[in-house]
Amino acid sequence: DGYNVRCLVRQRFESEEGRRVLQGWGATIVGGDLGQATSIPPAMMGVDAVIDCATARPEEPLKRVDWDGKVALIETAQAMGIDRYIFFSIDKCDQYPEVKLMDMKAKTEDYLKQTDLNWTTFRLCGFMQALVSSYAIPIVEGENVWGTDSESSIAYINSVDAARLTLAALDNENAHGKTLTLAGPSSYSSQEVISLCEKYSGSDAKVIKAPGFFLKGTRSFLNLFKWAQDAADRLSFAEVFSQNTALSGDMKATCDTLGVDPNSLTTLPDYLESFFNTILSKVQKIKKSEYVSTAARDLEI
């Protein structure tokens, strides 16, 4: 859309594949770390707008990136005269102060409101792409997947749609100072996701069910050890979904504000059907190629 995009990436976590993907999309990669405040200003020289979608990796403390890093990034944006700031938060984060990640997202939202930046906060429910590694591929490969008896549901959104809506908000003054939902057209429980994967893959899922009391007990046990508290914090987020929580929202207000047709958003069934059609087609080609190769070797004998 005519924007020059710069991606701030921690070099120690940067993969060559990730670099190629970002550069293939036309982005420039710069090194930096939200946990090291002095590395932020050089990476933001000449920047007009910040799209903040960073979060801590599973193996590191949440506070380093999701609070200290956010504050440093926001303060740097103000000090450097950057006017536009888009922040990615989590749906219903203000309702779960006992969950550290959600609490930090809610506090960052409040912190942004106290600044003079032209901010927009997007509250995300979940990305469809995350279901590929969690459900789709394991089911195709005959591996176990995790499920629950909980009726919790998530309105997954295609990351492509999320990016499109973010760009629509970038130069849209109607989005300034607003908190908007980013969700898919419908919400699905883990069992419904598994059923869709079975339908479009033609495979039966091997499901291991983790009851809510198991997650809560494991979290309580890990909290006994200082070295395991980061893992306990992650489990507290998973525990939310054992409480019949629905991470979803009405996208009408978001689409009206940004001038986007809600009917243009990808549905989860359409996304999964397209994914499985693509991957199964590739598998068939590989099998055909292997058959041809085997037949050719037989003819040589």
# chains A, B, ... in the order shown; residues from 1 in each chain; ligands from 1
$ residues_around --residues "region 57-68 of chain A" --least-positions-apart "5" --cutoff "7 Å" --atoms "only C-alpha atoms" --output "NGL selection string"
:A and (34-35 or 101 or 104 or 230)
$ residues_around --residues "Asp161 (chain A)" --least-positions-apart "2" --cutoff "10 Å" --atoms "only C-alpha atoms" --output "JSON list (two decimals) with N, CA, C and O atoms, in the first residue's frame"
[["chain", "number", "residue", "atom", "x", "y", "z"],
["A", 127, "PHE", "N", -5.43, -16.02, 16.24],
["A", 127, "PHE", "CA", -5.16, -16.12, 14.81],
["A", 127, "PHE", "C", -5.45, -17.53, 14.30],
["A", 127, "PHE", "O", -5.11, -18.53, 14.94],
["A", 157, "ILE", "N", -9.22, -15.04, 13.80],
["A", 157, "ILE", "CA", -9.18, -14.18, 12.62],
["A", 157, "ILE", "C", -7.97, -14.55, 11.78],
["A", 157, "ILE", "O", -6.91, -14.93, 12.31],
["A", 158, "ASN", "N", -8.13, -14.48, 10.47],
["A", 158, "ASN", "CA", -7.01, -14.70, 9.56],
["A", 158, "ASN", "C", -6.03, -13.55, 9.73],
["A", 158, "ASN", "O", -6.41, -12.37, 9.74],
["A", 159, "SER", "N", -4.75, -13.86, 9.90],
["A", 159, "SER", "CA", -3.75, -12.81, 10.10],
["A", 159, "SER", "C", -3.69, -11.85, 8.92],
["A", 159, "SER", "O", -3.34, -10.68, 9.08],
["A", 163, "ALA", "N", -4.01, -7.84, 9.27],
["A", 163, "ALA", "CA", -3.07, -6.89, 8.68],
["A", 163, "ALA", "C", -3.81, -5.86, 7.83],
["A", 163, "ALA", "O", -3.50, -4.66, 7.85],
["A", 164, "ARG", "N", -4.81, -6.32, 7.08],
["A", 164, "ARG", "CA", -5.59, -5.42, 6.23],
["A", 164, "ARG", "C", -6.34, -4.38, 7.07],
["A", 164, "ARG", "O", -6.39, -3.18, 6.72],
["A", 165, "LEU", "N", -6.91, -4.81, 8.18],
["A", 165, "LEU", "CA", -7.64, -3.89, 9.06],
["A", 165, "LEU", "C", -6.69, -2.92, 9.75],
["A", 165, "LEU", "O", -7.02, -1.75, 9.97],
["A", 166, "THR", "N", -5.50, -3.41, 10.08],
["A", 166, "THR", "CA", -4.50, -2.54, 10.70],
["A", 166, "THR", "C", -4.08, -1.42, 9.75],
["A", 166, "THR", "O", -3.97, -0.25, 10.14],
["A", 167, "LEU", "N", -3.84, -1.78, 8.49],
["A", 167, "LEU", "CA", -3.49, -0.77, 7.50],
["A", 167, "LEU", "C", -4.63, 0.22, 7.28],
["A", 167, "LEU", "O", -4.39, 1.42, 7.06],
["A", 182, "LEU", "N", -10.61, -7.21, 17.14],
["A", 182, "LEU", "CA", -10.17, -7.93, 15.94],
["A", 182, "LEU", "C", -10.54, -9.39, 16.14],
["A", 182, "LEU", "O", -9.90, -10.10, 16.92],
["A", 183, "ALA", "N", -11.59, -9.82, 15.47],
["A", 183, "ALA", "CA", -12.10, -11.18, 15.64],
["A", 183, "ALA", "C", -12.60, -11.71, 14.31],
["A", 183, "ALA", "O", -12.88, -10.95, 13.38],
["A", 184, "GLY", "N", -12.73, -13.02, 14.23],
["A", 184, "GLY", "CA", -13.29, -13.64, 13.05],
["A", 184, "GLY", "C", -14.80, -13.61, 13.08],
["A", 184, "GLY", "O", -15.41, -13.20, 14.08],
["A", 264, "SER", "N", -16.13, -9.56, 3.98],
["A", 264, "SER", "CA", -14.85, -9.87, 3.32],
["A", 264, "SER", "C", -13.90, -10.64, 4.24],
["A", 264, "SER", "O", -12.84, -11.09, 3.80],
["A", 265, "LEU", "N", -14.27, -10.81, 5.52],
["A", 265, "LEU", "CA", -13.41, -11.50, 6.47],
["A", 265, "LEU", "C", -13.48, -13.02, 6.24],
["A", 265, "LEU", "O", -14.55, -13.58, 6.01],
["A", 266, "THR", "N", -12.34, -13.67, 6.33],
["A", 266, "THR", "CA", -12.25, -15.10, 6.11],
["A", 266, "THR", "C", -12.92, -15.87, 7.25],
["A", 266, "THR", "O", -12.73, -15.55, 8.42]]
$ closest_residue --among "A:Thr179, A:Thr55, A:Ser189, A:Thr28" --to "Ala43 (chain A)" --atoms "only C-alpha atoms"
A:Thr28
$ closest_residue --among "A:His176, A:Lys206, A:Lys252, A:Lys113" --to "Trp146 (chain A)" --atoms "only C-alpha atoms"
A:Lys206
$ select_by_dssp --residues "region 65-224 of chain A" --states "alpha helix (DSSP H)" --output "number ranges by chain"
A: 70-79, 100-113, 130-131, 137-140, 159-170, 190-201, 212-222
